[in-house]
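J.: Supplied structure: input_3.pdb, PDB, C-alpha atoms.
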ATOM      1  CA  MET A  19     -14.398 -34.677 -22.152
ATOM      2  CA  LYS A  20     -15.011 -32.558 -19.055
ATOM      3  CA  ALA A  21     -16.888 -29.331 -19.727
ATOM      4  CA  ALA A  22     -14.555 -26.419 -20.369
ATOM      5  CA  LYS A  23     -14.428 -23.579 -17.881
ATOM      6  CA  TYR A  24     -13.523 -21.265 -20.746
ATOM      7  CA  GLU A  25     -13.360 -21.619 -24.530
ATOM      8  CA  ALA A  26     -12.470 -19.029 -27.134
ATOM      9  CA  SER A  27     -15.593 -20.219 -28.960
ATOM     10  CA  PRO A  28     -18.051 -23.074 -28.368
ATOM     11  CA  GLY A  29     -16.410 -26.428 -29.129
ATOM     12  CA  ALA A  30     -13.024 -24.868 -29.952
ATOM     13  CA  LEU A  31     -11.113 -26.735 -27.256
ATOM     14  CA  ALA A  32     -12.558 -30.164 -28.055
ATOM     15  CA  SER A  33     -11.831 -29.676 -31.747
ATOM     16  CA  PHE A  34      -8.296 -28.532 -30.991
ATOM     17  CA  LEU A  35      -7.528 -31.503 -28.742
ATOM     18  CA  ALA A  36      -9.041 -33.958 -31.242
ATOM     19  CA  SER A  37      -6.489 -32.833 -33.830
ATOM     20  CA  ARG A  38      -3.649 -33.610 -31.374
ATOM     21  CA  PRO A  39      -1.463 -30.675 -32.394
ATOM     22  CA  SER A  40       2.206 -30.985 -31.523
ATOM     23  CA  ALA A  41       2.355 -27.239 -30.912
ATOM     24  CA  ALA A  42       0.001 -27.329 -27.923
ATOM     25  CA  ILE A  43       1.197 -25.653 -24.724
ATOM     26  CA  LEU A  44      -0.225 -26.807 -21.393
ATOM     27  CA  CYS A  45       0.088 -24.951 -18.113
ATOM     28  CA  ASP A  46      -1.707 -24.948 -14.768
ATOM     29  CA  LEU A  47      -3.497 -21.999 -13.179
ATOM     30  CA  TYR A  48      -3.709 -21.842  -9.353
ATOM     31  CA  THR A  49      -6.377 -19.653  -7.756
ATOM     32  CA  PHE A  50      -6.357 -19.290  -3.945
ATOM     33  CA  ALA A  51      -9.531 -17.775  -2.477
ATOM     34  CA  LEU A  52      -8.435 -16.773   1.032
ATOM     35  CA  ALA A  53     -10.704 -17.598   3.959
ATOM     36  CA  GLY A  54     -10.006 -14.407   5.927
ATOM     37  CA  ALA A  55      -9.548 -10.714   5.265
ATOM     38  CA  PHE A  56      -5.800 -11.055   4.727
ATOM     39  CA  ASN A  57      -4.622  -9.525   1.434
ATOM     40  CA  GLY A  58      -7.809  -7.467   1.460
ATOM     41  CA  GLY A  59      -9.801 -10.584   0.630
ATOM     42  CA  ALA A  60      -8.391 -10.612  -2.911
ATOM     43  CA  PRO A  61      -7.584 -14.072  -4.351
ATOM     44  CA  LEU A  62      -4.044 -15.092  -5.260
ATOM     45  CA  ARG A  63      -3.440 -16.274  -8.827
ATOM     46  CA  TYR A  64      -0.294 -18.020 -10.079
ATOM     47  CA  THR A  65       0.590 -20.009 -13.182
ATOM     48  CA  THR A  66       3.192 -22.637 -13.987
ATOM     49  CA  ALA A  67       3.800 -20.998 -17.387
ATOM     50  CA  ASP A  68       6.980 -19.027 -18.077
ATOM     51  CA  ILE A  69       4.982 -15.890 -18.839
ATOM     52  CA  ASP A  70       1.715 -14.490 -17.499
ATOM     53  CA  VAL A  71      -1.538 -16.089 -18.653
ATOM     54  CA  THR A  72      -4.579 -13.944 -19.419
ATOM     55  CA  VAL A  73      -8.018 -15.525 -19.778
ATOM     56  CA  PRO A  74     -10.574 -13.164 -21.369
ATOM     57  CA  TYR A  75     -13.633 -14.677 -19.714
ATOM     58  CA  GLU A  76     -15.907 -11.905 -20.960
ATOM     59  CA  ALA A  77     -15.112 -12.818 -24.578
ATOM     60  CA  GLY A  78     -15.512 -16.600 -24.498
ATOM     61  CA  THR A  79     -17.779 -19.212 -22.985
ATOM     62  CA  ALA A  80     -17.103 -18.961 -19.245
ATOM     63  CA  LEU A  81     -18.757 -21.058 -16.584
ATOM     64  CA  VAL A  82     -18.748 -18.417 -13.847
ATOM     65  CA  ASN A  83     -19.236 -19.730 -10.309
ATOM     66  CA  THR A  84     -22.377 -18.406  -8.639
ATOM     67  CA  GLY A  85     -22.771 -21.288  -6.189
ATOM     68  CA  PRO A  86     -21.947 -21.736  -2.510
ATOM     69  CA  PRO A  87     -18.535 -20.949  -0.974
ATOM     70  CA  LEU A  88     -17.520 -24.617  -1.272
ATOM     71  CA  ALA A  89     -17.422 -24.289  -5.050
ATOM     72  CA  ALA A  90     -14.420 -23.053  -6.989
ATOM     73  CA  PRO A  91     -13.260 -19.482  -6.299
ATOM     74  CA  PRO A  92     -15.337 -17.009  -8.329
ATOM     75  CA  LEU A  93     -14.040 -15.690 -11.611
ATOM     76  CA  ALA A  94     -13.380 -11.992 -11.939
ATOM     77  CA  ALA A  95     -15.351  -9.987 -14.458
ATOM     78  CA  GLY A  96     -13.340  -9.231 -17.551
ATOM     79  CA  ALA A  97      -9.867 -10.517 -18.359
ATOM     80  CA  THR A  98      -8.187 -12.353 -15.468
ATOM     81  CA  VAL A  99      -4.401 -12.615 -15.188
ATOM     82  CA  TRP A 100      -2.419 -15.424 -13.548
ATOM     83  CA  SER A 101       1.082 -14.301 -12.634
ATOM     84  CA  SER A 102       4.263 -16.141 -13.557
ATOM     85  CA  GLN A 103       6.384 -13.735 -11.501
ATOM     86  CA  LEU A 104       7.869 -13.974  -7.979
ATOM     87  CA  VAL A 105       6.204 -17.260  -6.933
ATOM     88  CA  TYR A 106       7.127 -20.286  -9.028
ATOM     89  CA  PHE A 107       4.882 -23.350  -8.918
ATOM     90  CA  ASP A 108       5.892 -26.878  -9.927
ATOM     91  CA  GLN A 109       9.396 -28.209 -10.635
ATOM     92  CA  LEU A 110      10.794 -30.434 -13.345
ATOM     93  CA  SER A 111      12.336 -32.714 -10.730
ATOM     94  CA  ASN A 112       9.293 -32.651  -8.439
ATOM     95  CA  LYS A 113       6.082 -32.296 -10.406
ATOM     96  CA  ALA A 114       2.699 -31.586  -8.866
ATOM     97  CA  TYR A 115       0.531 -34.658  -8.613
ATOM     98  CA  GLY A 116      -3.088 -35.455  -7.875
ATOM     99  CA  HIS A 117      -4.626 -38.595  -6.424
ATOM    100  CA  TRP A 118      -8.225 -39.413  -7.311
ATOM    101  CA  LYS A 119     -10.096 -42.306  -5.699
ATOM    102  CA  VAL A 120     -13.347 -44.078  -6.451
ATOM    103  CA  GLY A 121     -16.070 -43.603  -3.850
ATOM    104  CA  LEU A 122     -16.061 -41.172  -0.951
ATOM    105  CA  ASP A 123     -12.344 -41.241  -0.172
ATOM    106  CA  VAL A 124     -10.742 -37.796  -0.155
ATOM    107  CA  ASP A 125      -8.956 -36.778  -3.374
ATOM    108  CA  THR A 126      -5.645 -34.966  -2.904
ATOM    109  CA  TRP A 127      -3.389 -32.608  -4.814
ATOM    110  CA  GLN A 128       0.149 -31.620  -3.865
ATOM    111  CA  VAL A 129       2.393 -28.975  -5.387
ATOM    112  CA  ILE A 130       5.693 -27.347  -4.459
ATOM    113  CA  CYS A 131       6.225 -23.603  -4.803
ATOM    114  CA  ALA A 132       9.402 -21.549  -4.533
ATOM    115  CA  PRO A 133       8.872 -17.825  -3.866
ATOM    116  CA  SER A 134      11.467 -15.187  -4.605
ATOM    117  CA  PRO A 135      12.572 -12.909  -1.714
ATOM    118  CA  GLN A 136      10.359 -10.131  -3.133
ATOM    119  CA  ALA A 137       7.170 -12.246  -3.101
ATOM    120  CA  THR A 138       4.547 -11.117  -0.591
ATOM    121  CA  ILE A 139       1.005 -11.857   0.579
ATOM    122  CA  GLY A 140      -0.803  -8.867   2.020
ATOM    123  CA  GLY A 141       2.476  -6.968   2.218
ATOM    124  CA  GLU A 142       4.257  -9.680   4.231
ATOM    125  CA  PRO A 143       7.001 -12.030   2.959
ATOM    126  CA  PHE A 144       5.437 -15.031   1.234
ATOM    127  CA  LEU A 145       6.851 -17.802   3.445
ATOM    128  CA  ALA A 146       6.304 -15.770   6.625
ATOM    129  CA  ALA A 147       2.677 -15.263   5.636
ATOM    130  CA  LEU A 148       2.286 -19.010   5.069
ATOM    131  CA  ARG A 149       3.708 -19.706   8.542
ATOM    132  CA  ALA A 150       1.231 -17.204   9.963
ATOM    133  CA  GLY A 151      -1.686 -19.074   8.375
ATOM    134  CA  ALA A 152      -2.525 -16.827   5.410
ATOM    135  CA  LEU A 153      -3.702 -19.862   3.401
ATOM    136  CA  ASP A 154      -5.507 -21.652   6.242
ATOM    137  CA  GLY A 155      -8.890 -22.796   4.944
ATOM    138  CA  ALA A 156      -8.296 -21.257   1.512
ATOM    139  CA  VAL A 157     -10.293 -22.736  -1.370
ATOM    140  CA  VAL A 158      -8.051 -23.646  -4.308
ATOM    141  CA  ALA A 159      -8.983 -24.174  -7.945
ATOM    142  CA  VAL A 160      -6.404 -25.863 -10.161
ATOM    143  CA  ASP A 161      -7.210 -25.243 -13.835
ATOM    144  CA  ARG A 162      -5.358 -26.468 -16.903
ATOM    145  CA  ALA A 163      -4.950 -24.011 -19.749
ATOM    146  CA  PHE A 164      -4.464 -25.184 -23.347
ATOM    147  CA  VAL A 165      -2.663 -22.784 -25.662
ATOM    148  CA  ASP A 166      -2.597 -23.119 -29.458
ATOM    149  CA  ASN A 167       0.998 -22.303 -30.362
ATOM    150  CA  ARG A 168       0.878 -23.257 -34.042
ATOM    151  CA  ASP A 169       1.266 -19.619 -35.042
ATOM    152  CA  GLY A 170       3.896 -18.994 -32.362
ATOM    153  CA  ASN A 171       3.842 -16.516 -29.471
ATOM    154  CA  ALA A 172       5.841 -13.321 -29.484
ATOM    155  CA  PRO A 173       8.638 -13.308 -26.867
ATOM    156  CA  GLY A 174       7.413 -11.689 -23.674
ATOM    157  CA  ALA A 175       3.795 -11.695 -24.781
ATOM    158  CA  THR A 176       1.025 -12.782 -22.454
ATOM    159  CA  LEU A 177      -0.374 -16.211 -23.203
ATOM    160  CA  THR A 178      -4.079 -16.388 -24.048
ATOM    161  CA  PRO A 179      -5.361 -19.964 -23.886
ATOM    162  CA  LEU A 180      -7.738 -21.522 -26.347
ATOM    163  CA  GLY A 181      -9.544 -23.203 -23.458
ATOM    164  CA  VAL A 182      -9.400 -23.832 -19.715
ATOM    165  CA  VAL A 183     -10.567 -26.946 -17.862
ATOM    166  CA  ASN A 184     -10.794 -27.339 -14.086
ATOM    167  CA  ILE A 185      -8.933 -30.447 -12.915
ATOM    168  CA  PHE A 186      -9.063 -30.080  -9.131
ATOM    169  CA  THR A 187     -10.866 -28.011  -6.498
ATOM    170  CA  GLY A 188     -10.415 -28.274  -2.751
ATOM    171  CA  ARG A 189      -9.180 -26.645   0.432
ATOM    172  CA  VAL A 190      -5.637 -26.201   1.710
ATOM    173  CA  ALA A 191      -4.929 -29.059   4.129
ATOM    174  CA  GLU A 192      -1.247 -28.848   5.073
ATOM    175  CA  ILE A 193       1.728 -26.676   4.207
ATOM    176  CA  ASP A 194       5.274 -27.933   4.799
ATOM    177  CA  ILE A 195       7.590 -24.923   4.810
ATOM    178  CA  ALA A 196      11.320 -25.160   4.202
ATOM    179  CA  ARG A 197      13.916 -22.381   4.018
ATOM    180  CA  SER A 198      13.224 -21.445   0.409
ATOM    181  CA  ASN A 199      10.093 -23.317  -0.674
ATOM    182  CA  ALA A 200       6.821 -24.794   0.536
ATOM    183  CA  VAL A 201       4.849 -27.926  -0.255
ATOM    184  CA  ILE A 202       1.102 -27.242  -0.371
ATOM    185  CA  SER A 203      -1.287 -30.162   0.091
ATOM    186  CA  ILE A 204      -4.917 -29.715  -0.977
ATOM    187  CA  ASN A 205      -7.857 -31.968  -0.083
ATOM    188  CA  SER A 206     -11.064 -32.164  -2.065
ATOM    189  CA  HIS A 207     -14.302 -31.113  -0.387
ATOM    190  CA  LEU A 208     -15.035 -34.782   0.306
ATOM    191  CA  GLU A 209     -13.028 -34.296   3.503
ATOM    192  CA  LEU A 210     -16.087 -32.527   4.912
ATOM    193  CA  LEU A 211     -17.715 -35.958   5.141
ATOM    194  CA  ASN A 212     -15.048 -37.095   7.633
ATOM    195  CA  GLN A 213     -17.122 -36.076  10.630
ATOM    196  CA  SER A 214     -17.899 -38.056  13.729
ATOM    197  CA  MET A 215     -21.500 -39.245  13.875
ATOM    198  CA  PRO A 216     -23.999 -38.669  15.314
ATOM    199  CA  ARG A 217     -23.491 -34.984  14.745
ATOM    200  CA  ASN A 218     -25.085 -33.868  18.042
ATOM    201  CA  VAL A 219     -24.002 -35.459  21.321
ATOM    202  CA  TYR A 220     -25.982 -35.275  24.555
ATOM    203  CA  GLN A 221     -23.950 -32.989  26.813
ATOM    204  CA  ALA A 222     -24.461 -30.361  29.477
ATOM    205  CA  GLY A 223     -22.630 -27.619  27.587
ATOM    206  CA  CYS A 224     -23.997 -25.909  24.492
ATOM    207  CA  ARG A 225     -23.199 -27.726  21.246
ATOM    208  CA  TRP A 226     -23.211 -24.540  19.153
ATOM    209  CA  SER A 227     -20.292 -22.229  18.490
ATOM    210  CA  LEU A 228     -20.774 -18.609  19.449
ATOM    211  CA  PHE A 229     -22.004 -16.522  16.460
ATOM    212  CA  GLY A 230     -22.216 -19.677  14.345
ATOM    213  CA  PRO A 231     -25.091 -21.774  12.969
ATOM    214  CA  GLY A 232     -27.489 -22.775  15.716
ATOM    215  CA  CYS A 233     -26.416 -19.875  17.925
ATOM    216  CA  GLU A 234     -27.480 -17.324  15.294
ATOM    217  CA  LEU A 235     -26.124 -14.294  17.205
ATOM    218  CA  ASP A 236     -24.645 -11.560  15.003
ATOM    219  CA  ALA A 237     -20.935 -11.118  15.745
ATOM    220  CA  ALA A 238     -20.929  -7.546  14.418
ATOM    221  CA  SER A 239     -23.477  -6.570  17.093
ATOM    222  CA  PHE A 240     -21.012  -7.526  19.842
ATOM    223  CA  ALA A 241     -17.769  -6.271  18.250
ATOM    224  CA  VAL A 242     -15.841  -3.741  20.325
ATOM    225  CA  THR A 243     -13.254  -1.704  18.420
ATOM    226  CA  GLY A 244     -10.070  -0.423  19.976
ATOM    227  CA  SER A 245      -6.363   0.002  19.341
ATOM    228  CA  VAL A 246      -3.003  -1.266  20.543
ATOM    229  CA  ALA A 247      -1.870   0.856  23.496
ATOM    230  CA  GLU A 248       1.658  -0.535  23.929
ATOM    231  CA  MET A 249       3.981  -2.358  21.575
ATOM    232  CA  PRO A 250       4.164  -5.957  22.867
ATOM    233  CA  ALA A 251       7.436  -7.802  23.302
ATOM    234  CA  ALA A 252       8.450 -10.113  20.474
ATOM    235  CA  ASN A 253       6.467 -13.379  20.474
ATOM    236  CA  SER A 254       4.589 -12.301  23.606
ATOM    237  CA  PRO A 255       0.960 -13.442  24.046
ATOM    238  CA  LEU A 256       0.230 -10.388  26.223
ATOM    239  CA  LEU A 257      -1.402  -7.488  24.391
ATOM    240  CA  THR A 258      -2.131  -4.161  26.060
ATOM    241  CA  VAL A 259      -4.940  -2.343  24.309
ATOM    242  CA  SER A 260      -7.323   0.551  24.587
ATOM    243  CA  LEU A 261     -10.620  -1.320  24.656
ATOM    244  CA  ALA A 262     -14.017  -0.867  26.289
ATOM    245  CA  ALA A 263     -15.686  -3.625  28.322
ATOM    246  CA  PRO A 264     -17.469  -6.342  26.322
ATOM    247  CA  GLY A 265     -21.180  -6.950  26.065
ATOM    248  CA  GLY A 266     -22.973 -10.273  26.140
ATOM    249  CA  SER A 267     -21.103 -12.571  28.523
ATOM    250  CA  GLY A 268     -19.182  -9.611  29.966
ATOM    251  CA  THR A 269     -15.778 -11.162  29.325
ATOM    252  CA  TYR A 270     -13.318 -11.474  26.447
ATOM    253  CA  ALA A 271     -12.012 -14.782  27.828
ATOM    254  CA  LEU A 272     -12.611 -17.556  25.252
ATOM    255  CA  GLY A 273     -13.421 -14.848  22.714
ATOM    256  CA  ARG A 274     -11.225 -13.552  19.930
ATOM    257  CA  VAL A 275      -9.440 -10.433  18.806
ATOM    258  CA  VAL A 276      -8.957  -9.469  15.148
ATOM    259  CA  ALA A 277      -6.367  -7.011  13.834
ATOM    260  CA  THR A 278      -8.079  -4.445  11.597
ATOM    261  CA  SER A 279      -5.008  -2.485  10.504
ATOM    262  CA  GLY A 280      -1.231  -2.731  10.485
ATOM    263  CA  ALA A 281       0.981  -5.686   9.595
ATOM    264  CA  ASN A 282      -1.402  -8.196  11.245
ATOM    265  CA  GLN A 283      -4.535  -6.977   9.455
ATOM    266  CA  GLY A 284      -6.942  -9.866   8.893
ATOM    267  CA  PHE A 285      -5.334 -12.186  11.441
ATOM    268  CA  ALA A 286      -7.223 -13.284  14.561
ATOM    269  CA  ARG A 287      -6.239 -14.904  17.839
ATOM    270  CA  ALA A 288      -8.246 -16.534  20.637
ATOM    271  CA  VAL A 289      -8.223 -14.836  24.037
ATOM    272  CA  ARG A 290      -7.197 -16.868  27.077
ATOM    273  CA  SER A 291      -8.000 -14.169  29.669
ATOM    274  CA  TRP A 292      -8.402 -10.422  30.041
ATOM    275  CA  SER A 293      -8.325  -7.802  32.776
ATOM    276  CA  ALA A 294      -9.222  -4.128  32.919
ATOM    277  CA  LEU A 295      -6.375  -1.688  33.598
ATOM    278  CA  THR A 296      -6.247   1.876  34.843
ATOM    279  CA  PRO A 297      -6.903   4.361  33.546
ATOM    280  CA  PRO A 298      -9.835   2.962  31.532
ATOM    281  CA  PRO A 299     -10.441   1.915  28.836
ATOM    282  CA  ARG A 300      -7.037   0.186  28.904
ATOM    283  CA  ALA A 301      -7.106  -3.600  29.135
ATOM    284  CA  ALA A 302      -4.680  -6.502  29.048
ATOM    285  CA  LEU A 303      -5.469  -9.444  26.783
ATOM    286  CA  THR A 304      -3.645 -12.754  27.201
ATOM    287  CA  LEU A 305      -3.819 -14.588  23.878
ATOM    288  CA  MET A 306      -3.684 -18.302  23.171
ATOM    289  CA  ALA A 307      -0.833 -17.550  20.756
ATOM    290  CA  PRO A 308       0.950 -14.321  19.742
ATOM    291  CA  PHE A 309       0.173 -12.556  16.481
ATOM    292  CA  PRO A 310       2.602 -13.414  13.683
ATOM    293  CA  PHE A 311       3.917  -9.904  13.038
ATOM    294  CA  ALA A 312       4.916  -6.941  15.157
ATOM    295  CA  PHE A 313       2.255  -4.474  16.273
ATOM    296  CA  ALA A 314       2.648  -0.715  16.269
ATOM    297  CA  VAL A 315       0.991   1.556  18.805
ATOM    298  CA  GLY A 316      -2.333   2.676  17.333
ATOM    299  CA  ASP A 317      -2.944  -0.410  15.199
ATOM    300  CA  GLY A 318      -6.682  -1.108  15.131
ATOM    301  CA  ILE A 319      -8.308  -4.185  16.642
ATOM    302  CA  ALA A 320     -11.814  -5.581  17.062
ATOM    303  CA  ALA A 321     -12.576  -7.826  20.048
ATOM    304  CA  TYR A 322     -15.496 -10.181  20.562
ATOM    305  CA  PRO A 323     -16.803 -11.583  23.869
ATOM    306  CA  GLY A 324     -16.326 -15.229  24.738
ATOM    307  CA  CYS A 325     -18.714 -17.989  25.712
ATOM    308  CA  ASP A 326     -18.130 -20.909  28.107
ATOM    309  CA  LYS A 327     -21.191 -22.734  26.666
ATOM    310  CA  GLN A 328     -23.098 -22.649  29.953
ATOM    311  CA  GLN A 329     -26.805 -21.869  30.190
ATOM    312  CA  ASN A 330     -26.293 -18.759  32.345
ATOM    313  CA  THR A 331     -23.906 -17.349  29.742
ATOM    314  CA  CYS A 332     -26.498 -17.912  27.030
ATOM    315  CA  ILE A 333     -29.015 -16.039  29.187
ATOM    316  CA  ALA A 334     -26.514 -13.161  29.533
ATOM    317  CA  PHE A 335     -26.386 -12.943  25.740
ATOM    318  CA  GLY A 336     -30.192 -12.856  25.643
ATOM    319  CA  ASN A 337     -30.153 -16.039  23.583
ATOM    320  CA  ALA A 338     -31.541 -18.634  26.000
ATOM    321  CA  ALA A 339     -34.108 -19.851  23.455
ATOM    322  CA  ARG A 340     -31.271 -21.220  21.301
ATOM    323  CA  PHE A 341     -29.214 -22.801  24.082
ATOM    324  CA  GLY A 342     -27.944 -26.083  22.661
ATOM    325  CA  GLY A 343     -27.008 -27.943  25.859
ATOM    326  CA  MET A 344     -28.835 -30.498  28.009
ATOM    327  CA  PRO A 345     -27.805 -29.545  31.570
ATOM    328  CA  PHE A 346     -30.548 -31.545  33.279
ATOM    329  CA  ILE A 347     -29.623 -34.981  31.910
ATOM    330  CA  PRO A 348     -28.592 -37.164  34.898
ATOM    331  CA  ALA A 349     -25.038 -38.415  35.204
ATOM    332  CA  PRO A 350     -24.431 -41.927  33.710
ATOM    333  CA  GLU A 351     -24.074 -43.522  37.147
ATOM    334  CA  MET A 352     -27.542 -42.196  38.080
ATOM    335  CA  ALA A 353     -29.283 -43.401  34.920
ATOM    336  CA  VAL A 354     -30.277 -46.783  36.459
TER     337      VAL A 354
END
Represent the structure of the file as structure tokens.
T.:
Amino acid sequence: MKAAKYEASPGALASFLASRPSAAILCDLYTFALAGAFNGGAPLRYTTADIDVTVPYEAGTALVNTGPPLAAPPLAAGATVWSSQLVYFDQLSNKAYGHWKVGLDVDTWQVICAPSPQATIGGEPFLAALRAGALDGAVVAVDRAFVDNRDGNAPGATLTPLGVVNIFTGRVAEIDIARSNAVISINSHLELLNQSMPRNVYQAGCRWSLFGPGCELDAASFAVTGSVAEMPAANSPLLTVSLAAPGGSGTYALGRVVATSGANQGFARAVRSWSALTPPPRAALTLMAPFPFAFAVGDGIAAYPGCDKQQNTCIAFGNAARFGGMPFIPAPEMAV
């Protein structure tokens, strides 16, 4: 048997399952650890049970995650509650299913959820938040809770499982959104092995991503804070802001802007181009795609300079020692 993530007491779950009680209740617990700052960075927890499920991790044997971010979402200290309200996972006519394969093929899990009109993520309607990418890159842990119901449960009471076992962990891959529900597909972390090799290709431009591994620059050191100066038109990629000039490369083009307050808090968009306006520090940012929700004048933003991966740009950042390109390699037709 797989090691339990939680047990009321050591060996209690294995002993319970060995007796094959007919009064056992099984339900799934879904924990979404969001990749961005949306929802204040707090994880989302839902259960397929008809009533809320509370797991008192501080009282039993809990295997609390202290590993890297690729592991299951961390467990909260103390009792943790999975909600049965507002967002309903799994259906009798369309059950969640997992697909496990031998070897290095990617395992998959797929589940359908139907939110009520009152369901929200970070204050935004649930399905609208999904369309905006609230679950993009989220790490998901699917746990199965086993409840001993031989003594019965009082109507309306919160379920407390005898044990919890993790059955799937992965990242959100695709979300198919309909008018009233959404189908969430999750891939195991084996998908990270689906990379083209060799990892580094000989090329003139830098192979690193700005502020990422290899580049090693600190994004916070180049962040420029500002605010929305004018309310943009609906679905418009043009954003007029009060924003000082950038450092580093000296341009926001190919950079990004992150909303730090308002309805779009936590969402980010890439910048196609920018231009300074008068009077300063007003500026116009043309985004690759509009933000999902409406801005209000005064909403906070943070903008980061861009990088075209050229050697001169790396010099402008003062980071020439880590330039990852090979600009002096001759063209293929000159190699012989």
J.: Let me make sure I understand: among A:Ala196, A:Val124, A:Ala132, A:Ala271, which one has the smallest atom-to-atom distance to Leu208 (chain A) if we use only C-alpha atoms?
T.: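 So, comparing all the options, the nearest one is A:Val124.
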J.: So which residues fall inside 10 Å of (0.4, -26.8, -28.3) if we count only C-alpha atoms? Mind giving them as a list in words?
T.: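 The answer, in the requested form, is Phe34, Leu35, Arg38, Pro39, Ser40, Ala41, Ala42, Ile43, Leu44, Phe164, Val165, Asp166, Asn167, Arg168, Asp169, Gly170, Pro179 and Leu180 of chain A.
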J.: Can you spell out as a list in words the set of residues that the PyMOL selection byres ((chain A and resi 59-72) around 6) selects in the structure I just provided?
T.: Cys45, Asp46, Leu47, Tyr48, Thr49, Phe50, Ala51, Ala55, Phe56, Asn57, Gly58, Val73, Thr98, Val99, Trp100, Ser101, Ser102, Phe107, Thr176, Leu177 and Thr178 of chain A
J.: Would you mind telling me which residue in A:Ala147, A:Ala321, A:Cys131, A:Ala97 lies nearest to Leu272 (chain A) when using only C-alpha atoms?
T.: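 Checking each of A:Ala147, A:Ala321, A:Cys131, A:Ala97 against Leu272 (chain A), counting only C-alpha atoms, the winner is A:Ala321.
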J.: Using only C-alpha atoms, which of the listed residues (A:Gly266, A:Gly244, A:Gly116, A:Gly141) sits closest to Ile202 (chain A)?
T.: A:Gly116
J.: I want to know what sits within 12 Å of Ala237 (chain A), based on all atoms listed in the file, with residues of the same chain fewer than 6 positions away left out; could you give that as a list in words?
T.: Ser227, Leu228, Phe229, Gly230, Pro231, Gly265, Gly266, Gly273, Arg274, Val275, Ala320, Ala321, Tyr322, Pro323, Gly324 and Phe335 of chain A
J.: Using only C-alpha atoms, which residue out of A:Gly54, A:Gly188, A:Gly232, A:Gly223 lies closest to Glu209 (chain A)?
T.: A:Gly188
J.: If you apply the PyMOL selection byres ((chain A and resi 336) around 12) to this file, what residues do you get, as a PyMOL selection string?
T.: chain A and resi 233-235+265-267+329-335+337-341
J.: If I take CA of Pro133 (chain A) and CA of Ala152 (chain A), how far is one from the other in Å, to one decimal?
T.: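 That distance, rounded to one decimal, is 14.7 Å.
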J.: Of the candidates A:Tyr115, A:Leu104, A:Leu122, A:Leu52, which shows the shortest atom-to-atom distance to Thr138 (chain A), using only C-alpha atoms?
T.: A:Leu104
J.: Of the candidates A:Ile347, A:Ala301, A:Ala191, A:Ala251, which shows the shortest atom-to-atom distance to Tyr270 (chain A), using only C-alpha atoms?
T.: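 Among the listed residues, A:Ala301 lies closest to Tyr270 (chain A).
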J.: Distance CA of Trp118 (chain A)-CA of Gly29 (chain A), one decimal place?
T.: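 According to the coordinates, CA of Trp118 (chain A) and CA of Gly29 (chain A) are separated by 26.7 Å.
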J.: Using only C-alpha atoms, determine which residues lie at most 10 Å from Leu148 (chain A), disregarding the query and same-chain residues fewer than 6 positions distant; provide the list as an MDAnalysis selection string.
T.: chainID A and resid 138:139 142 154 193:195 200 202
J.: Can you tell me which residues surround Met344 (chain A) at a distance of at most 12 Å, considering all atoms listed in the file, apart from same-chain residues fewer than 2 positions away, and format the answer as a list in words?
T.: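 Close residues of Met344 (chain A): Asn218, Val219, Tyr220, Gln221, Ala222, Gly223, Cys224, Arg225, Lys327, Gln328, Gln329, Arg340, Phe341, Gly342, Phe346, Ile347, Pro348 and Ala349 of chain A.
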J.: Can you translate the PyMOL selection byres ((chain A and resi 309-312) around 6) into the concrete residues it hits in this file, as JSON, numbers by chain?
T.: {"A": [150, 282, 308, 313]}
J.: So which residues touch Ala314 (chain A) within 9 Å, counting all atoms listed in the file, skipping near sequence neighbours fewer than 3 positions away, as a ChimeraX atom specification?
T.: /A:246-250,280-281,317
J.: One decimal, Å: what's the distance from CA of Tyr24 (chain A) over to CA of Ser37 (chain A), could you say?
T.: 18.8 Å
J.: Kindly provide, as lines of an AutoDock Vina configuration file, the centre and edge lengths (Å, one decimal) of an axis-aligned box around all atoms of region 336-339 of chain A given in the file, with 8 Å on each side.
T.:
center_x = -32.1
center_y = -16.4
center_z = 24.7
size_x = 20.0
size_y = 23.0
size_z = 18.5
